[in-house]
Structure formats: structure tokens, C-alpha cells
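Next comes protein24.txt, with compact mmCIF, C-alpha atoms and all ligand atoms.
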```txt
# COMPACT_ATOMS: atom_id res chain seq x y z
CA SER A 1 37.81 -27.13 -10.51
CA ARG A 2 38.08 -25.02 -7.38
CA ARG A 3 36.40 -25.70 -4.10
CA ASN A 4 33.09 -24.06 -3.67
CA PHE A 5 31.25 -22.66 -0.68
CA THR A 6 27.60 -21.61 -0.56
CA ILE A 7 26.03 -19.83 2.40
CA ALA A 8 22.22 -19.84 2.54
CA ILE A 9 20.54 -17.29 4.84
CA ASP A 10 16.80 -17.62 5.36
CA GLY A 11 14.33 -16.08 7.77
CA PRO A 12 11.23 -13.92 8.12
CA ALA A 13 10.88 -10.34 6.84
CA ALA A 14 13.28 -7.78 8.32
CA SER A 15 15.17 -10.33 10.40
CA GLY A 16 18.44 -8.86 9.12
CA LYS A 17 19.13 -11.31 6.30
CA SER A 18 20.19 -8.82 3.67
CA SER A 19 22.49 -6.59 5.76
CA THR A 20 24.01 -9.66 7.40
CA ALA A 21 24.51 -11.47 4.10
CA ARG A 22 26.16 -8.40 2.56
CA ALA A 23 28.55 -7.97 5.47
CA VAL A 24 29.38 -11.71 5.51
CA ALA A 25 30.02 -11.66 1.75
CA GLN A 26 32.33 -8.65 2.07
CA GLU A 27 34.22 -10.24 5.00
CA LEU A 28 34.84 -13.46 3.07
CA GLY A 29 35.27 -11.98 -0.41
CA PHE A 30 32.21 -13.88 -1.63
CA GLY A 31 29.50 -12.85 -4.06
CA TYR A 32 26.08 -11.79 -2.75
CA ILE A 33 22.60 -12.40 -4.12
CA ASP A 34 19.42 -10.98 -2.64
CA SER A 35 16.79 -13.41 -3.90
CA GLY A 36 13.94 -11.28 -2.52
CA SER A 37 14.83 -8.54 -4.98
CA ILE A 38 14.19 -10.96 -7.88
CA TYR A 39 10.64 -11.58 -6.56
CA ARG A 40 10.27 -7.84 -6.06
CA CYS A 41 11.30 -7.21 -9.70
CA ALA A 42 8.77 -9.82 -10.85
CA THR A 43 6.14 -7.96 -8.81
CA LEU A 44 7.14 -4.65 -10.39
CA LEU A 45 6.76 -6.19 -13.86
CA ALA A 46 3.22 -7.26 -12.93
CA LEU A 47 2.31 -3.86 -11.46
CA ARG A 48 3.59 -2.04 -14.55
CA GLN A 49 1.34 -4.20 -16.74
CA ASN A 50 -1.59 -3.54 -14.37
CA ILE A 51 -1.77 -7.21 -13.53
CA THR A 52 -3.44 -7.43 -10.15
CA GLU A 53 -5.01 -10.87 -10.28
CA ILE A 54 -1.76 -12.78 -10.42
CA SER A 55 -3.30 -16.25 -10.52
CA LYS A 56 -5.16 -15.39 -13.75
CA HIS A 57 -2.06 -14.13 -15.55
CA THR A 58 0.78 -16.34 -14.33
CA ASP A 59 1.75 -17.47 -17.84
CA ASP A 60 2.09 -13.85 -19.01
CA LEU A 61 4.04 -12.97 -15.91
CA VAL A 62 6.41 -15.93 -16.23
CA ALA A 63 7.03 -15.00 -19.88
CA MET A 64 7.88 -11.44 -18.80
CA ILE A 65 10.22 -12.68 -16.08
CA LEU A 66 12.06 -14.96 -18.48
CA LYS A 67 12.41 -12.13 -21.01
CA SER A 68 13.81 -9.68 -18.46
CA THR A 69 17.26 -9.40 -16.95
CA VAL A 70 17.85 -8.75 -13.28
CA GLU A 71 21.29 -7.66 -12.11
CA ILE A 72 22.35 -7.29 -8.51
CA LYS A 73 25.32 -4.94 -8.27
CA VAL A 74 27.26 -4.89 -5.03
CA GLN A 75 29.19 -1.70 -4.30
CA PRO A 76 32.02 -2.65 -1.93
CA SER A 77 32.18 -0.28 0.98
CA ASN A 78 35.01 0.81 3.23
CA SER A 79 33.19 3.60 4.96
CA LEU A 80 30.85 3.46 7.90
CA ASN A 81 27.28 2.67 7.04
CA ALA A 82 24.57 5.28 7.55
CA MET A 83 22.65 2.97 9.88
CA PRO A 84 23.91 3.32 13.46
CA SER A 85 22.59 -0.18 14.23
CA LEU A 86 25.20 -1.64 11.89
CA GLY A 87 27.99 -0.59 14.25
CA ARG A 88 31.53 -0.51 12.94
CA LEU A 89 30.99 -2.92 10.09
CA ALA A 90 31.02 -1.64 6.55
CA VAL A 91 28.02 -2.98 4.69
CA PRO A 92 28.09 -2.74 0.89
CA GLU A 93 25.20 -1.05 -0.86
CA VAL A 94 23.32 -3.06 -3.45
CA GLN A 95 21.85 -1.75 -6.68
CA VAL A 96 19.14 -3.72 -8.45
CA LEU A 97 18.84 -3.29 -12.22
CA LEU A 98 15.78 -4.53 -14.09
CA ASP A 99 16.48 -4.55 -17.83
CA GLY A 100 19.23 -2.04 -17.12
CA GLU A 101 16.99 0.35 -15.15
CA ASP A 102 17.87 1.10 -11.52
CA VAL A 103 14.76 -0.03 -9.60
CA SER A 104 16.44 -0.23 -6.16
CA GLY A 105 14.02 2.30 -4.65
CA GLU A 106 10.92 1.31 -6.55
CA ILE A 107 11.00 -2.37 -5.51
CA ARG A 108 10.79 -1.35 -1.80
CA LYS A 109 7.56 0.64 -2.24
CA PRO A 110 4.40 -0.28 -0.28
CA GLU A 111 2.56 -1.47 -3.44
CA VAL A 112 5.34 -4.01 -4.00
CA ASN A 113 5.40 -5.02 -0.31
CA ARG A 114 1.68 -5.71 -0.50
CA MET A 115 1.80 -7.85 -3.63
CA VAL A 116 5.14 -9.67 -3.55
CA ALA A 117 4.10 -12.62 -1.35
CA LYS A 118 1.19 -13.29 -3.72
CA VAL A 119 3.53 -13.32 -6.72
CA ALA A 120 5.97 -15.56 -4.82
CA SER A 121 3.24 -18.08 -4.02
CA GLU A 122 2.86 -19.09 -7.70
CA SER A 123 4.80 -22.28 -8.42
CA SER A 124 5.56 -21.36 -12.05
CA VAL A 125 6.97 -18.01 -10.91
CA ARG A 126 9.13 -19.81 -8.34
CA GLU A 127 10.41 -22.20 -11.00
CA ALA A 128 11.45 -19.31 -13.24
CA VAL A 129 13.13 -17.50 -10.34
CA LEU A 130 14.94 -20.69 -9.27
CA GLY A 131 16.70 -20.85 -12.65
CA ILE A 132 17.69 -17.19 -12.35
CA GLN A 133 18.98 -17.74 -8.79
CA ARG A 134 21.18 -20.71 -9.70
CA SER A 135 22.75 -19.05 -12.74
CA MET A 136 23.32 -15.81 -10.80
CA ALA A 137 25.04 -17.81 -8.05
CA ALA A 138 27.35 -19.55 -10.51
CA ARG A 139 28.36 -16.20 -12.03
CA ALA A 140 28.82 -14.55 -8.63
CA LYS A 141 31.15 -17.37 -7.54
CA THR A 142 33.32 -17.01 -10.61
CA ARG A 143 33.57 -13.29 -9.92
CA SER A 144 34.40 -13.95 -6.27
CA SER A 145 37.34 -16.12 -7.25
CA GLN A 146 38.60 -13.35 -9.55
CA ASN A 147 38.34 -10.86 -6.68
CA GLN A 148 40.20 -13.01 -4.19
CA SER A 149 43.46 -11.85 -5.72
CA ALA A 150 46.07 -14.18 -4.24
CA ASN A 151 43.49 -16.72 -3.12
CA ASN A 152 44.16 -15.61 0.44
CA GLU A 153 44.26 -18.32 3.08
CA GLY A 154 43.23 -20.93 0.50
CA MET A 155 39.69 -19.54 0.51
CA PRO A 156 37.28 -21.33 -1.84
CA GLU A 157 35.13 -19.32 -4.23
CA GLY A 158 31.76 -18.63 -2.74
CA VAL A 159 28.42 -16.95 -2.65
CA VAL A 160 25.98 -15.82 0.03
CA MET A 161 22.30 -15.88 -0.92
CA ASP A 162 19.45 -14.74 1.30
CA GLY A 163 15.73 -15.39 1.02
CA ARG A 164 13.06 -17.76 2.31
CA ASP A 165 13.82 -21.15 0.70
CA ILE A 166 17.54 -20.98 -0.08
CA GLY A 167 18.60 -23.72 2.34
CA THR A 168 15.51 -25.87 1.77
CA THR A 169 14.97 -25.68 -2.00
CA ILE A 170 17.46 -23.59 -3.96
CA PHE A 171 20.70 -24.94 -2.41
CA PRO A 172 19.72 -27.99 -0.35
CA ASN A 173 23.42 -28.95 -0.17
CA ALA A 174 24.70 -25.53 0.87
CA GLU A 175 27.85 -25.81 2.97
CA LEU A 176 26.40 -23.47 5.61
CA LYS A 177 22.73 -22.71 6.27
CA ILE A 178 21.65 -19.96 8.63
CA TYR A 179 18.10 -19.25 9.79
CA LEU A 180 17.95 -15.69 11.13
CA ASP A 181 15.10 -14.72 13.40
CA ALA A 182 14.11 -11.88 15.73
CA SER A 183 10.94 -10.94 17.59
CA ALA A 184 8.20 -9.35 15.47
CA MET A 185 8.46 -6.09 17.43
CA ALA A 186 12.27 -5.90 17.07
CA ARG A 187 11.88 -6.40 13.34
CA ALA A 188 9.19 -3.75 12.99
CA ILE A 189 11.23 -1.24 14.99
CA ARG A 190 14.29 -1.86 12.78
CA ARG A 191 12.30 -1.21 9.60
CA TRP A 192 10.83 1.92 11.16
CA ASP A 193 14.35 3.10 12.09
CA GLU A 194 15.52 2.53 8.53
CA MET A 195 12.63 4.57 7.14
CA ASN A 196 13.31 7.41 9.53
CA ASN A 197 16.98 7.41 8.62
CA GLN A 198 16.00 7.69 4.96
CA LEU A 199 13.51 10.42 5.83
CA LYS A 200 16.26 12.42 7.55
CA ASP A 201 18.42 12.05 4.43
CA THR A 202 15.55 13.18 2.19
CA LYS A 203 14.85 16.25 4.35
CA GLN A 204 18.52 17.17 4.34
CA GLN A 205 18.64 16.87 0.57
CA GLN A 206 15.53 19.04 0.23
CA LYS A 207 17.04 21.68 2.49
CA GLN A 208 20.19 21.73 0.38
CA GLN A 209 18.14 21.92 -2.82
CA LYS A 210 16.16 24.85 -1.42
CA GLN A 211 19.33 26.72 -0.49
CA GLN A 212 20.71 26.15 -3.97
CA GLN A 213 17.48 27.34 -5.54
CA GLN A 214 17.45 30.51 -3.44
CA SER A 215 20.94 31.46 -4.41
CA ALA A 216 20.14 30.79 -8.07
CA SER A 217 18.43 33.31 -10.37
CA ASP A 218 15.06 34.79 -9.33
CA ALA A 219 13.49 33.58 -12.57
CA GLN A 220 13.07 30.07 -11.17
CA LYS A 221 11.58 31.18 -7.89
CA ALA A 222 8.57 28.90 -7.90
CA GLY A 223 10.76 25.77 -8.09
CA SER A 224 9.25 22.38 -7.46
CA THR A 225 8.38 21.72 -3.84
CA THR A 226 8.43 17.97 -3.43
CA GLU A 227 6.43 16.91 -0.41
CA ALA A 228 8.17 14.99 2.33
CA PRO A 229 7.07 11.35 2.15
CA THR A 230 5.01 10.04 5.03
CA TYR A 231 5.89 6.74 6.63
CA PRO A 232 3.76 4.20 8.47
CA SER A 233 3.79 3.71 12.24
CA VAL A 234 5.64 0.83 13.93
CA GLU A 235 2.27 -0.92 14.40
CA GLU A 236 1.46 -0.64 10.70
CA ILE A 237 4.87 -1.98 9.75
CA ALA A 238 4.46 -4.87 12.20
CA ARG A 239 1.12 -5.75 10.60
CA GLU A 240 2.62 -5.67 7.09
CA LEU A 241 5.57 -7.88 8.12
CA GLU A 242 3.29 -10.35 9.88
CA ALA A 243 0.90 -10.59 6.93
CA ARG A 244 3.83 -11.33 4.62
CA ASP A 245 5.34 -13.89 7.03
CA TYR A 246 1.97 -15.60 7.32
CA ALA A 247 1.70 -15.88 3.54
CA ASP A 248 5.32 -17.07 3.20
CA ILE A 249 4.98 -19.73 5.92
CA ASN A 250 1.60 -21.04 4.75
CA ARG A 251 2.02 -21.16 0.99
CA GLU A 252 2.04 -24.52 -0.77
CA HIS A 253 5.28 -24.24 -2.74
CA SER A 254 8.59 -24.01 -0.84
CA PRO A 255 7.23 -22.20 2.19
CA LEU A 256 9.49 -20.50 4.74
CA ARG A 257 10.85 -23.35 6.89
CA ILE A 258 13.91 -23.93 9.06
CA ALA A 259 16.08 -26.45 7.17
CA SER A 260 16.87 -29.46 9.39
CA ASP A 261 20.60 -28.71 9.16
CA ALA A 262 20.35 -24.92 9.57
CA VAL A 263 22.01 -23.00 12.39
CA VAL A 264 19.31 -20.86 13.99
CA ILE A 265 20.42 -17.41 15.15
CA ASP A 266 17.90 -15.27 17.01
CA ASN A 267 19.36 -11.78 16.86
CA THR A 268 16.74 -9.96 18.93
CA ASN A 269 19.45 -9.27 21.50
CA LEU A 270 22.61 -9.57 19.39
CA THR A 271 24.61 -6.71 17.98
CA PHE A 272 25.05 -6.68 14.23
CA GLU A 273 28.77 -7.43 14.60
CA GLN A 274 28.13 -10.42 16.87
CA GLN A 275 25.77 -11.94 14.36
CA VAL A 276 28.04 -11.32 11.35
CA TYR A 277 31.16 -12.68 13.08
CA THR A 278 29.28 -15.72 14.37
CA ILE A 279 28.48 -16.58 10.77
CA THR A 280 31.91 -15.79 9.28
CA ASP A 281 33.57 -17.89 12.00
CA LEU A 282 31.25 -20.82 11.35
CA ALA A 283 32.05 -20.52 7.65
CA ARG A 284 35.81 -20.35 8.26
CA GLU A 285 35.61 -23.37 10.53
CA ARG A 286 33.80 -25.38 7.84
CA MET A 287 36.27 -24.23 5.18
CA GLY A 288 39.13 -25.39 7.39
CA ILE A 289 40.41 -21.84 7.91
CA LYS A 290 41.31 -20.43 11.32
CA PRO A 291 38.40 -18.46 12.82
CA LYS A 292 39.11 -14.77 13.43
CA HIS A 293 36.68 -13.76 16.13
CA ALA A 294 36.36 -16.85 18.30
CA ASP A 295 36.39 -14.60 21.39
CA LEU A 296 32.96 -13.05 20.70
O1 LIG B 1 13.50 -7.63 2.84
P1 LIG B 1 12.32 -8.44 3.28
O2 LIG B 1 12.73 -9.49 4.24
O3 LIG B 1 11.17 -7.65 3.73
O4 LIG B 1 11.76 -9.20 1.98
P2 LIG B 1 12.56 -9.81 0.76
O5 LIG B 1 13.65 -10.70 1.21
O6 LIG B 1 12.90 -8.72 -0.17
O7 LIG B 1 11.45 -10.75 0.11
C1 LIG B 1 10.22 -10.24 -0.38
C2 LIG B 1 9.25 -11.37 -0.58
O8 LIG B 1 9.72 -12.21 -1.63
C3 LIG B 1 9.04 -12.29 0.61
O9 LIG B 1 8.06 -11.82 1.51
C4 LIG B 1 8.60 -13.59 -0.08
O10 LIG B 1 7.23 -13.57 -0.37
C5 LIG B 1 9.36 -13.57 -1.38
N1 LIG B 1 10.58 -14.40 -1.35
C6 LIG B 1 10.43 -15.77 -1.49
O11 LIG B 1 9.31 -16.25 -1.58
N2 LIG B 1 11.52 -16.57 -1.55
C7 LIG B 1 12.76 -16.06 -1.45
N3 LIG B 1 13.82 -16.87 -1.53
C8 LIG B 1 12.93 -14.68 -1.26
C9 LIG B 1 11.82 -13.87 -1.21
O1 LIG B 2 16.82 -8.67 4.65
P1 LIG B 2 15.91 -8.51 5.83
O2 LIG B 2 14.61 -7.95 5.45
O3 LIG B 2 15.79 -9.77 6.63
O4 LIG B 2 16.59 -7.46 6.82
P2 LIG B 2 17.46 -6.16 6.49
O5 LIG B 2 16.95 -5.50 5.27
O6 LIG B 2 18.89 -6.55 6.52
O7 LIG B 2 17.10 -5.19 7.69
C1 LIG B 2 17.44 -5.45 8.98
C2 LIG B 2 17.68 -4.17 9.76
O8 LIG B 2 17.92 -4.55 11.10
C3 LIG B 2 18.89 -3.39 9.29
O9 LIG B 2 18.58 -2.01 9.33
C4 LIG B 2 19.95 -3.68 10.33
O10 LIG B 2 20.76 -2.58 10.57
C5 LIG B 2 19.14 -3.99 11.57
N1 LIG B 2 19.77 -4.88 12.56
C6 LIG B 2 20.20 -6.16 12.25
O11 LIG B 2 20.09 -6.58 11.10
N2 LIG B 2 20.77 -6.95 13.21
C7 LIG B 2 20.90 -6.53 14.46
N3 LIG B 2 21.44 -7.33 15.37
C8 LIG B 2 20.44 -5.25 14.79
C9 LIG B 2 19.86 -4.46 13.81
O1 LIG B 3 26.84 -29.40 -8.75
P1 LIG B 3 26.72 -28.18 -9.61
O2 LIG B 3 27.44 -28.25 -10.91
O3 LIG B 3 25.30 -27.69 -9.73
O4 LIG B 3 27.44 -27.02 -8.87
P2 LIG B 3 28.66 -27.10 -7.89
O5 LIG B 3 29.64 -26.09 -8.32
O6 LIG B 3 29.09 -28.48 -7.67
O7 LIG B 3 27.96 -26.65 -6.58
C1 LIG B 3 27.68 -25.32 -6.38
C2 LIG B 3 27.09 -25.14 -5.02
O8 LIG B 3 25.70 -25.36 -5.12
C3 LIG B 3 27.62 -26.08 -3.98
O9 LIG B 3 28.47 -25.31 -3.15
C4 LIG B 3 26.40 -26.52 -3.21
O10 LIG B 3 26.39 -25.81 -1.99
C5 LIG B 3 25.23 -26.04 -4.02
N1 LIG B 3 24.32 -27.06 -4.53
C6 LIG B 3 23.26 -27.47 -3.77
O11 LIG B 3 23.11 -27.00 -2.66
N2 LIG B 3 22.36 -28.35 -4.24
C7 LIG B 3 22.47 -28.88 -5.46
N3 LIG B 3 21.56 -29.74 -5.88
C8 LIG B 3 23.56 -28.49 -6.26
C9 LIG B 3 24.46 -27.58 -5.76
```
Starting from the file, give its structure as C-alpha cells.
Amino acid sequence: SRRNFTIAIDGPAASGKSSTARAVAQELGFGYIDSGSIYRCATLLALRQNITEISKHTDDLVAMILKSTVEIKVQPSNSLNAMPSLGRLAVPEVQVLLDGEDVSGEIRKPEVNRMVAKVASESSVREAVLGIQRSMAARAKTRSSQNQSANNEGMPEGVVMDGRDIGTTIFPNAELKIYLDASAMARAIRRWDEMNNQLKDTKQQQKQQKQQQQSASDAQKAGSTTEAPTYPSVEEIARELEARDYADINREHSPLRIASDAVVIDNTNLTFEQQVYTITDLARERMGIKPKHADL
């Protein structure tokens, strides 16, 4: 069987795990799995069944999780990303499908943010998600080896997974473990920036829709006027992130911890490219392949 390479990326909320992991996966031709989105899907399942007291309904919830399918679809990207903070790196978009339904937007909603750490604190939920994570990783690796057409540079097949307990619990033998961190304020500002970027997109879309409606027939004059969404302040975001970090660090079952053999990268003052290339170079070094960006 082929050589295998697993990269685990853990860290607190909004430390850059997901964008970094996606860029690293694209650079190396590896698969990518966002483990947080599995917990977010589990939370959505609970919310849709009006389950609010998770601890009283864990068996029902676990049954629902095991019955559902979660797919994480990576759309390779060659174009510049919409986020200026990502610099020149192309970061693939990820689509999350829950039983075939695109829930990418819904799983990022405030209701889910507020409940997900509670759902993730249940040991039986974590056990169910662990099984899903390991089988997804095996499938993603197989796909990665099919994508690496001529097996360039003797690259092994591989996967990048980000979350809270990937290097400590899910893949304790991962070939490379990264713990990403940044100051609480830097993280809150980044989330706020993201929301404002999305808000700009939404407003632009609404403007275009309006123009199209006006040029269309008069009959539909009173077309739907969707209200612009309102977003929280940086302080509110900081409070939400800190509450979630507190819950993730202090829970009983596989809490957020720095694995003893993890490489800690604080990116408060790093550019996105610096942090991505630091990781891809470390990976190349450990795979026995010549690093590309050793000059950074
Ligand atoms: O994107 P963000 O960092 O805000 O969160 P996420 O990675 O989508 O994870 C959402 C929540 O899922 C976390 O706050 C944890 O409670 C839980 N989670 C976990 O417990 N273990 C993981 N491996 C990944 C996520
Ligand atoms: O997955 P996680 O919640 O840890 O973070 P994310 O969803 O990747 O969001 C991190 C945000 O910080 C993204 O908008 C990045 O563009 C931005 N960022 C970063 O990740 N690293 C930097 N050095 C600077 C900005
Ligand atoms: O050993 P197994 O059949 O589960 O899978 P493998 O193909 O030998 O290993 C897959 C990847 O999972 C390896 O690259 C390891 O990084 C990781 N792994 C781990 O971290 N801890 C385990 N207990 C098993 C595998």
C-alpha cells in the first residue's frame, strides 16, 4: 500500500484553521476535512427537531447523526479569493451537504454557534463523529492519490483535517500536527471582516436584483424586499468566540489541548501566505521532499 500522510490542525475558534487547512491541502494535492462542520451538522439536526436540552436527548441525537450523511465537497480554486487577508493564495471553497442538502450557510448561523459546543461536549456524540471523521479521512486520501496524476515528486496520499482534538484524539499518530493560535482580538476582528465582506456581497446582489426587477414588467412592481442582515459588533463576536473556547477547553471529553508533539504557530502577526508555506514546507520536509519556500 502507498505511503500515507495526515496533517492535523487544531486551535481555538477563528484562529485560521479552516482557510489554512484548505490552502495547505490544495498546495499538496491532499484531501481536506473540516471536522467542525460535522459537529455543526449534528447541531442543525438537533435544532430542526427542537431539541434544546441536549443532555436529555443524546441517544436520539446520536441515532440521527448515525442515520445521516455528511459530505464535504472541496471546489478547487485557481482564482483569487474574495478575502483580501488571504493574499495571493487561492483557497478552495467548501460545500457541506447534510443528507444531500447544501447547509453551508445554515451551519454558520448564530443559533448553531451558540449550541455547537454543548453538542460537542457529549461523549456519545463525539464517539459517533469520530467514526465519521476516520472513514471520511480514508476516502479523502484515496481520492487524493487519484488526483495526484503522475504521483508528482513521489508525494504520498494525504489528508488535512482541522478541528479541536485531531492531533490529540482522532489521529494521535498524525505525521504532522499544527496548533494554530492568534490573540482573541485578532480572531474577533477577522470574523468581523469576513461578515462585512459577505454583507458587501449581499448588498451588491440586492442592488443587481433591484435593477433587474425595475427593468422587468411593471406587473411585479412590489417584488420582495429582503432586509439586509445585521451583524454583531467586534465585541459581541469576541464574547461568542471566548465562550466557545472556554467550553471547548474545559469539557471532560477530548478538550482542546496542544498535543505534546504539535508545532505551535501563533499567526497574530503572520501573513496568510507565511503561515501556509510554513506548514507546507514542514510537511515536505517530513515527507522527504525538497521544501519550496524555505526563504520565508
Ligand atoms: O470555525 P470555528 O473555529 O468557529 O468552529 P468550528 O471549527 O466549525 O467548530 C465548531 C465547534 O465544534 C467548536 O467550537 C467545538 O465545540 C466543536 N468541535 C469539536 O469539539 N471538535 C472538533 N474536532 C471540531 C469542532
Ligand atoms: O477555521 P477557523 O475558525 O479557525 O478560521 P477560518 O474560518 O479559517 O477564519 C480565519 C480568518 O482569518 C479568515 O478570514 C482568514 O482570511 C483570516 N486570516 C488568517 O487565517 N490568517 C492570517 N494570518 C490572517 C488572516
Ligand atoms: O492504521 P490504519 O489502517 O488505521 O490507517 P493507516 O492508513 O495506516 O493510517 C492512516 C493515517 O491515520 C496515518 O497517516 C496516521 O497518521 C493516522 N493514524 C493515527 O494517527 N492514529 C491511529 N491510531 C491510526 C492512524
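Proximity of A:Glu122, A:Glu240, A:Glu93, A:Asp201 to A:Lys56, computed with all atoms listed in the file, is greatest for A:Glu122.
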Ligand LIG 2 (chain B) neighbours within 7 Å using all atoms listed in the file, as a PDB file with C-alpha atoms, in the coordinates of the input:
```pdb
ATOM      1  CA  GLY A  11      14.330 -16.080   7.770  1.00  0.00           C
ATOM      2  CA  PRO A  12      11.230 -13.920   8.120  1.00  0.00           C
ATOM      3  CA  ALA A  13      10.880 -10.340   6.840  1.00  0.00           C
ATOM      4  CA  ALA A  14      13.280  -7.780   8.320  1.00  0.00           C
ATOM      5  CA  SER A  15      15.170 -10.330  10.400  1.00  0.00           C
ATOM      6  CA  GLY A  16      18.440  -8.860   9.120  1.00  0.00           C
ATOM      7  CA  LYS A  17      19.130 -11.310   6.300  1.00  0.00           C
ATOM      8  CA  SER A  18      20.190  -8.820   3.670  1.00  0.00           C
ATOM      9  CA  SER A  19      22.490  -6.590   5.760  1.00  0.00           C
ATOM     10  CA  THR A  20      24.010  -9.660   7.400  1.00  0.00           C
ATOM     11  CA  MET A  83      22.650   2.970   9.880  1.00  0.00           C
ATOM     12  CA  SER A  85      22.590  -0.180  14.230  1.00  0.00           C
ATOM     13  CA  LEU A  86      25.200  -1.640  11.890  1.00  0.00           C
ATOM     14  CA  ARG A 187      11.880  -6.400  13.340  1.00  0.00           C
ATOM     15  CA  ARG A 190      14.290  -1.860  12.780  1.00  0.00           C
ATOM     16  CA  ARG A 191      12.300  -1.210   9.600  1.00  0.00           C
ATOM     17  CA  GLU A 194      15.520   2.530   8.530  1.00  0.00           C
ATOM     18  CA  ASN A 267      19.360 -11.780  16.860  1.00  0.00           C
ATOM     19  CA  THR A 268      16.740  -9.960  18.930  1.00  0.00           C
ATOM     20  CA  ASN A 269      19.450  -9.270  21.500  1.00  0.00           C
ATOM     21  CA  LEU A 270      22.610  -9.570  19.390  1.00  0.00           C
ATOM     22  CA  THR A 271      24.610  -6.710  17.980  1.00  0.00           C
ATOM     23  CA  PHE A 272      25.050  -6.680  14.230  1.00  0.00           C
ATOM     24  CA  GLN A 275      25.770 -11.940  14.360  1.00  0.00           C
TER      25      GLN A 275
END
```
> Can you tell me, as a ChimeraX atom specification, what residues are no more than 6 Å from stretch 29-46 of chain A when counting only C-alpha atoms, ignoring any on the same chain fewer than 5 positions away?
Replying inline: /A:51,107,116,140-141,144,158-163
>> Between A:Arg284, A:Lys67, A:His293, A:His253, which residue has the minimum interatomic distance to A:Ala120, considering only C-alpha atoms?
In response: A:His253
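Those protein and nucleic acid residues that have any atom within 10 Å of ligand LIG 3 (chain B) are, using all atoms listed in the file, Ser1, Arg2, Arg3, Asn4, Phe5, Thr6, Ile7, Ala8, Arg134, Ser135, Ala137, Ala138, Lys141, Pro156, Glu157, Gly158, Val159, Ile166, Gly167, Thr168, Thr169, Ile170, Phe171, Pro172, Asn173, Ala174, Glu175, Leu176 and Lys177 of chain A.
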Writer output for current selection, C-alpha atoms, as a CSV table (one decimal), in the frame of the given file:
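Printed below is part-v8.csv as written:
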```csv
chain,number,residue,atom,x,y,z
A,1,SER,CA,37.8,-27.1,-10.5
A,2,ARG,CA,38.1,-25.0,-7.4
A,3,ARG,CA,36.4,-25.7,-4.1
A,4,ASN,CA,33.1,-24.1,-3.7
A,5,PHE,CA,31.2,-22.7,-0.7
A,6,THR,CA,27.6,-21.6,-0.6
A,7,ILE,CA,26.0,-19.8,2.4
A,8,ALA,CA,22.2,-19.8,2.5
A,134,ARG,CA,21.2,-20.7,-9.7
A,135,SER,CA,22.8,-19.0,-12.7
A,137,ALA,CA,25.0,-17.8,-8.0
A,138,ALA,CA,27.4,-19.6,-10.5
A,141,LYS,CA,31.2,-17.4,-7.5
A,156,PRO,CA,37.3,-21.3,-1.8
A,157,GLU,CA,35.1,-19.3,-4.2
A,158,GLY,CA,31.8,-18.6,-2.7
A,159,VAL,CA,28.4,-17.0,-2.6
A,166,ILE,CA,17.5,-21.0,-0.1
A,167,GLY,CA,18.6,-23.7,2.3
A,168,THR,CA,15.5,-25.9,1.8
A,169,THR,CA,15.0,-25.7,-2.0
A,170,ILE,CA,17.5,-23.6,-4.0
A,171,PHE,CA,20.7,-24.9,-2.4
A,172,PRO,CA,19.7,-28.0,-0.4
A,173,ASN,CA,23.4,-29.0,-0.2
A,174,ALA,CA,24.7,-25.5,0.9
A,175,GLU,CA,27.8,-25.8,3.0
A,176,LEU,CA,26.4,-23.5,5.6
A,177,LYS,CA,22.7,-22.7,6.3
```
>> Residues within 8 Å of A:Ile178, please, as a list in words. Count all atoms listed in the file; anything in the same chain fewer than 4 positions from it doesn't count.
In response: Ile7, Ala8, Ile9, Asp10, Gly167, Ala262, Val263, Val264, Ile265 and Ile279 of chain A
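You can rank A:Arg114, A:Arg126, A:Lys109, A:Arg48 by their closest distance to A:Ala247 using all atoms listed in the file, and at the top of that list sits A:Arg114.
Residues in contact with stretch 94-97 of chain A at up to 7 Å, not including ones fewer than 5 positions away on its chain and judged by all atoms listed in the file, are A:Val70, A:Glu71, A:Ile72, A:Lys73, A:Val74, A:Gln75, A:Asp102, A:Val103, A:Ser104.
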>> Rounded to one decimal, what separation in Å do you get between atom C3 of ligand LIG 1 (chain B) and atom CA of A:Gln198?
In response: 21.6 Å
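Atom pair atom CA of A:Ala182 / atom CA of A:Ser121: separated by 23.4 Å.
Note that the spacing between atom CA of A:Ala21 and atom CA of A:Val276 amounts to 8.1 Å.
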> A:Ala23: which residues within 8 Å, counting all atoms listed in the file, same-chain residues fewer than 4 positions away excluded, as a ChimeraX atom specification?
Replying inline: /A:19,27,89-92,276
Could N, CA and C atoms be built for stretch 66-77 of chain A and written out as an mmCIF file, keeping the file's coordinate frame?
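Just written: rebuild.cif:
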```
data_model
loop_
_atom_site.group_PDB
_atom_site.id
_atom_site.type_symbol
_atom_site.label_atom_id
_atom_site.label_comp_id
_atom_site.auth_asym_id
_atom_site.auth_seq_id
_atom_site.Cartn_x
_atom_site.Cartn_y
_atom_site.Cartn_z
ATOM 1 N N LEU A 66 11.025 -14.278 -17.717
ATOM 2 C CA LEU A 66 12.060 -14.960 -18.480
ATOM 3 C C LEU A 66 12.682 -14.067 -19.554
ATOM 4 N N LYS A 67 11.909 -13.060 -19.994
ATOM 5 C CA LYS A 67 12.410 -12.130 -21.010
ATOM 6 C C LYS A 67 13.286 -11.028 -20.407
ATOM 7 N N SER A 68 13.111 -10.795 -19.102
ATOM 8 C CA SER A 68 13.810 -9.680 -18.460
ATOM 9 C C SER A 68 15.165 -10.117 -17.927
ATOM 10 N N THR A 69 16.002 -9.114 -17.644
ATOM 11 C CA THR A 69 17.260 -9.400 -16.950
ATOM 12 C C THR A 69 17.271 -8.661 -15.628
ATOM 13 N N VAL A 70 17.673 -9.375 -14.595
ATOM 14 C CA VAL A 70 17.850 -8.750 -13.280
ATOM 15 C C VAL A 70 19.329 -8.821 -12.944
ATOM 16 N N GLU A 71 19.890 -7.674 -12.555
ATOM 17 C CA GLU A 71 21.290 -7.660 -12.110
ATOM 18 C C GLU A 71 21.338 -7.124 -10.690
ATOM 19 N N ILE A 72 22.159 -7.757 -9.873
ATOM 20 C CA ILE A 72 22.350 -7.290 -8.510
ATOM 21 C C ILE A 72 23.785 -6.828 -8.386
ATOM 22 N N LYS A 73 23.965 -5.506 -8.276
ATOM 23 C CA LYS A 73 25.320 -4.940 -8.270
ATOM 24 C C LYS A 73 25.715 -4.562 -6.855
ATOM 25 N N VAL A 74 26.776 -5.166 -6.388
ATOM 26 C CA VAL A 74 27.260 -4.890 -5.030
ATOM 27 C C VAL A 74 28.354 -3.824 -5.122
ATOM 28 N N GLN A 75 28.181 -2.758 -4.348
ATOM 29 C CA GLN A 75 29.190 -1.700 -4.300
ATOM 30 C C GLN A 75 30.000 -1.878 -3.027
ATOM 31 N N PRO A 76 31.216 -2.434 -3.124
ATOM 32 C CA PRO A 76 32.020 -2.650 -1.930
ATOM 33 C C PRO A 76 32.181 -1.352 -1.144
ATOM 34 N N SER A 77 32.164 -1.479 0.168
ATOM 35 C CA SER A 77 32.180 -0.280 0.980
ATOM 36 C C SER A 77 33.283 -0.348 2.017
#
```
